[in-house]
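Quick notes on the structure that follows.
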Amino acid sequence: MASPCYLGWDFSTQQLKVIAIDEQLRVIYEDNVHFDKDLPEFKTQGGVYIHSDRLTVTSPVLMWVKALDMILEKMKSSGFNFSQVRALSGAGQQHGSVYWKKGSIQILKNVSSELPLHQSLKGCFSVSNSPIWMDSSTASQCNALEEAVGGAQHLASITGSRAYERFTGNQIAKIYSQNPEVYKQTERISLVSSFAASLFLGTYAPIDYSDGSGMNLLQIWEKVWSKSCLDACAPGLEERLGCPVPSHSVLGTISPYYSQRYGFSPDCKIVAFTGDNPASLAGMRLQEGDIAISLGTSDTLFLWIQEPTPALEGHILCNPVDSQTYMALLCFKNGSLMRERIRGDCASGSWDEFSKALSSTVAGNNGNLGFYFDVMEITPEAVGIHRFNRDNQKVSGFPKEVEIRALIEGQFMAKRIHAEKLGYKVLPRTRILATGGASHNKTILQVLSDVFNAPVYTIDTANSACLGSAYRAIHGLVAERNVSLADVVKSAPEPRLAVTPTAGAEELYRPLLKRYAELEQKVIYNPTSSCL
Ligand SMILES: O=C(CO)[C@@H](O)[C@H](O)CF
């Protein structure tokens, strides 16, 4: 008799990932499908299409469906025993949206187990290129939404954030205003997370409170849609979204398609999917007082918070593992893609060379500072590359190794400055929990530890959103009995201490942080000002 296991999925920007864990929370299987490499027919770059206006960014929804077909076939051919899966949950990149064409629910409910999903579902999407979190083309919709509800701070007080271009409500408003016929032909709008859950459920899955908090549409206190926000975005939106549910909800059992085609047990439970960052919070077993930093396509900083105060910067989301509390999140769009571009320019594409350059330069970089935003940054709103020497003079370039350190120190100083602006205090007991691809790189983590003057811990897998989704699959089965996620995963491996701050780091970075904050005011995007 095979031992029961639980699956965690992550439909992220660049790849689809899956993790299987056993009853002892040990990882027994990991796999991924990389969109650019494994599905070249879609011709994405970093899993996305950056449109010619440099603001619109989308991903082809059928690529996500085909990636699921592909990874399930990989698991099947590797002999994975699907019948042992007791429950599954998952995560999706936040804010992205999927538009199901009228009549699609019948197709979804009746897909033939003789065919891969992408063949059955290819006609089901009224929008074939889904807007995703990297999009910044909805400034006019954001202004209209803030205007309609009484201003930016009021919108933040209702939904946890002021209007952000990538947030789903503004994306829906853009589609409604530019393609009203497409909107009319749409019977359901999912987030990437609830779209992925729908594929497993075989019907439309609801949006969960936590990922729903990233839409500028959900009242995060009462956890219901805000009528004024819905009406400001598009008519008939509530019926297209369905009712939001607690993130630990068991949505039902797996669609018969999976039992017939892959051998899943018909009793396999589907637990609500959520956003990648909320799922990472679960995977990292974040506790109050910790700071989590996810170094992925986007870099995100998030923390568990009891009594949040929504502000004009950053986001407050419903907590995915405890519906009574919240999580604060800061998103930095120029994350791993920015690091990879500088690695290409300054370290011949090699992480070893990148790390050597980082180790060969002094902490504080002799006062050289840099702001590296290949795409329009979210935190702060700025774009372009801006370098300053120790006398705050703008310079056009740095030697390669100085450039590498300026990038990494700049990325982490921004995180500390904006976390402290959100009210977070780095305290003696502060732990930084790092995840994501770059969390494997100790030289990068050393800079993080020095800038925050705090120890950095990592967890076994960089796929914290996947792992968190597998934990949430277990938690969903017992949440109704008021068992906390922390209790469910108490036997999981503790985060491991990776690096501690270099002596003198606090004194070294304090003046640099002050300079960085002042210079940041100079590089903030101001469409009317002449370029710097
Ligand atoms: O926009 C973000 C968070 O607000 C990103 O971290 C996406 O979730 C990445 F998928």
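How things are named: the first chain in the structure tokens is A, the next is B, and so on; residues count from 1 in each chain; ligands count from 1 in the order shown.
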Could I get the residues of chain A with an atom no further than 6 Å from an atom of ligand 1, each paired with its nearest atom pair and that distance in Å to one decimal, using only C-alpha atoms and all ligand atoms, sorted by chain and residue number, as a Markdown table?
| residue | atom | partner | partner_atom_place_in_ligand_line | distance |
| --- | --- | --- | --- | --- |
| A:Ser12 | CA | ligand 1 | 10 (F) | 5.6 |
| A:Thr13 | CA | ligand 1 | 10 (F) | 5.6 |
| A:Gln93 | CA | ligand 1 | 10 (F) | 3.4 |
| A:Gln94 | CA | ligand 1 | 8 (O) | 3.8 |
| A:Trp133 | CA | ligand 1 | 1 (O) | 4.8 |
| A:Asp276 | CA | ligand 1 | 8 (O) | 5.6 |
| A:Asn277 | CA | ligand 1 | 8 (O) | 5.9 |
| A:Ser298 | CA | ligand 1 | 6 (O) | 5.2 |
| A:Thr300 | CA | ligand 1 | 6 (O) | 5.6 |
| A:Cys331 | CA | ligand 1 | 3 (C) | 5.2 |
Which residues in segment 395-474 of chain A does DSSP call alpha helix (DSSP H)? List them as a VMD selection string. chain A and resid 400 to 421 442 to 452 464 to 474
Spatial neighbours of Ser113 of chain A, 12 Å, only C-alpha atoms, chain gap at least 2 places, as number ranges by chain: A: 69, 108-111, 115-120, 202, 255-263
File of the preceding selection, C-alpha atoms, as a PDB file, in the first residue's frame:
ATOM      1  CA  ASP A  69      -0.367  18.376 -19.588  1.00  0.00           C
ATOM      2  CA  LEU A 108     -14.353  22.073 -18.611  1.00  0.00           C
ATOM      3  CA  LYS A 109     -16.745  19.687 -16.852  1.00  0.00           C
ATOM      4  CA  ASN A 110     -16.705  17.193 -19.709  1.00  0.00           C
ATOM      5  CA  VAL A 111     -13.133  17.109 -21.012  1.00  0.00           C
ATOM      6  CA  LEU A 115      -7.107  14.051 -24.898  1.00  0.00           C
ATOM      7  CA  PRO A 116      -4.597  16.407 -23.274  1.00  0.00           C
ATOM      8  CA  LEU A 117      -6.341  19.380 -21.632  1.00  0.00           C
ATOM      9  CA  HIS A 118      -4.926  21.968 -24.023  1.00  0.00           C
ATOM     10  CA  GLN A 119      -6.673  20.327 -26.959  1.00  0.00           C
ATOM     11  CA  SER A 120     -10.055  20.295 -25.211  1.00  0.00           C
ATOM     12  CA  GLY A 202     -13.216  20.372 -13.514  1.00  0.00           C
ATOM     13  CA  SER A 255     -12.200  15.997 -11.719  1.00  0.00           C
ATOM     14  CA  PRO A 256     -12.774  12.434 -13.077  1.00  0.00           C
ATOM     15  CA  TYR A 257     -10.476  13.399 -15.968  1.00  0.00           C
ATOM     16  CA  TYR A 258      -7.433  12.906 -13.671  1.00  0.00           C
ATOM     17  CA  SER A 259      -8.574   9.555 -12.276  1.00  0.00           C
ATOM     18  CA  GLN A 260      -9.256   8.177 -15.751  1.00  0.00           C
ATOM     19  CA  ARG A 261      -6.129   9.588 -17.448  1.00  0.00           C
ATOM     20  CA  TYR A 262      -3.537   9.502 -14.649  1.00  0.00           C
ATOM     21  CA  GLY A 263      -4.898   7.215 -11.923  1.00  0.00           C
TER      22      GLY A 263
END
Residue contacts of Met327 of chain A (10 Å, only C-alpha atoms) excluding same-chain residues fewer than 5 positions away, as number ranges by chain: A: 210, 277-278, 281, 288, 302-308, 315-322
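The nearest approach to Ala20 of chain A among the residues A:Leu230, A:Ala87, A:Cys5, A:Leu337, with only C-alpha atoms taken into account, belongs to A:Cys5.
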Which residues of segment 206-230 of chain A have any atom within 12 Å of an atom in segment 145-148 of chain A when counting only C-alpha atoms, and what is the closest pair of atoms for each, with the distance in Å to one decimal? Order the rows by chain and rising number and write it as a tab-separated table.
residue	atom	partner	partner_atom	distance
A:Met215	CA	A:Leu145	CA	11.7
A:Asn216	CA	A:Leu145	CA	8.8
A:Leu217	CA	A:Leu145	CA	10.0
A:Ser226	CA	A:Leu145	CA	11.9
A:Lys227	CA	A:Ala148	CA	11.3
A:Ser228	CA	A:Ala148	CA	7.6
A:Cys229	CA	A:Leu145	CA	6.9
A:Leu230	CA	A:Leu145	CA	9.4
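Using only C-alpha atoms, the contacts of segment 400-408 of chain A at a cut-off of 7 Å, with sequence neighbours closer than 3 positions omitted, comprise Ile342, Cys346, Ala357, Leu358, Thr361, Asn365, Asn368, Leu369, Gly370, Phe371, Tyr372, Gln411 and Phe412 of chain A.
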Please, what distance in Å, to one decimal, runs between atom CA of Ala282 of chain A and atom CA of Glu340 of chain A?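 We find that atom CA of Ala282 of chain A and atom CA of Glu340 of chain A lie 27.3 Å from each other.
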Show me a table, sorted first by chain and then by increasing residue number, of the residues of segment 275-365 of chain A having an atom at most 8 Å from segment 376-394 of chain A, each with its shortest atom pair and the distance in Å to one decimal, counting only C-alpha atoms and written as a tab-separated table.
residue	atom	partner	partner_atom	distance
A:Glu313	CA	A:Thr379	CA	7.7
A:Gly314	CA	A:Thr379	CA	7.8
A:Leu330	CA	A:Thr379	CA	7.3
A:Cys331	CA	A:Thr379	CA	6.4
A:Phe332	CA	A:Thr379	CA	5.5
A:Lys333	CA	A:Glu377	CA	5.5
A:Asn334	CA	A:Glu377	CA	6.3
So that I have them on file, write out the residues from the current selection with all heavy atoms, as a CSV table (one decimal), in the first residue's frame.
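File produced: result14.csv:
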chain,number,residue,atom,x,y,z
A,313,GLU,N,2.0,52.9,-0.2
A,313,GLU,CA,3.1,52.1,-0.8
A,313,GLU,C,2.9,50.7,-0.2
A,313,GLU,O,2.5,50.5,1.0
A,313,GLU,CB,4.4,52.6,-0.4
A,313,GLU,CG,5.6,51.9,-1.1
A,313,GLU,CD,6.9,52.5,-0.8
A,313,GLU,OE1,7.4,52.3,0.3
A,313,GLU,OE2,7.4,53.3,-1.6
A,314,GLY,N,3.2,49.7,-1.0
A,314,GLY,CA,3.1,48.3,-0.5
A,314,GLY,C,1.6,47.8,-0.4
A,314,GLY,O,0.7,48.5,-0.8
A,330,LEU,N,5.7,43.8,-0.1
A,330,LEU,CA,6.3,44.8,-1.0
A,330,LEU,C,6.9,44.1,-2.2
A,330,LEU,O,7.5,43.0,-2.1
A,330,LEU,CB,7.5,45.5,-0.3
A,330,LEU,CG,7.2,46.6,0.7
A,330,LEU,CD1,8.4,47.0,1.5
A,330,LEU,CD2,6.6,47.9,0.0
A,331,CYS,N,6.6,44.6,-3.4
A,331,CYS,CA,7.0,43.9,-4.6
A,331,CYS,C,8.0,44.8,-5.4
A,331,CYS,O,7.8,46.0,-5.5
A,331,CYS,CB,5.8,43.6,-5.5
A,331,CYS,SG,6.3,42.7,-7.0
A,332,PHE,N,9.1,44.1,-5.8
A,332,PHE,CA,10.2,44.8,-6.5
A,332,PHE,C,10.3,44.1,-7.9
A,332,PHE,O,10.8,43.0,-7.9
A,332,PHE,CB,11.5,44.7,-5.8
A,332,PHE,CG,11.4,45.3,-4.4
A,332,PHE,CD1,10.9,44.6,-3.3
A,332,PHE,CD2,11.8,46.7,-4.2
A,332,PHE,CE1,10.8,45.2,-2.0
A,332,PHE,CE2,11.7,47.2,-2.9
A,332,PHE,CZ,11.2,46.5,-1.8
A,333,LYS,N,9.8,44.7,-8.9
A,333,LYS,CA,9.6,44.0,-10.2
A,333,LYS,C,11.0,43.6,-10.8
A,333,LYS,O,11.1,42.6,-11.4
A,333,LYS,CB,8.8,44.9,-11.2
A,333,LYS,CG,8.4,44.2,-12.4
A,333,LYS,CD,7.8,45.1,-13.5
A,333,LYS,CE,6.5,45.6,-13.2
A,333,LYS,NZ,5.9,46.3,-14.4
A,334,ASN,N,12.0,44.5,-10.7
A,334,ASN,CA,13.3,44.2,-11.3
A,334,ASN,C,14.1,43.3,-10.3
A,334,ASN,O,14.9,43.7,-9.6
A,334,ASN,CB,14.0,45.5,-11.5
A,334,ASN,CG,13.4,46.3,-12.6
A,334,ASN,OD1,13.7,46.1,-13.8
A,334,ASN,ND2,12.4,47.2,-12.3
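Between atom CA of Ala434 of chain A and atom CA of Gly367 of chain A there is a distance of 26.1 Å.
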Have a look at A:Val456, A:Leu251, A:Ile270, A:Cys466 and name the one nearest to Gly92 of chain A; count only C-alpha atoms. A:Cys466
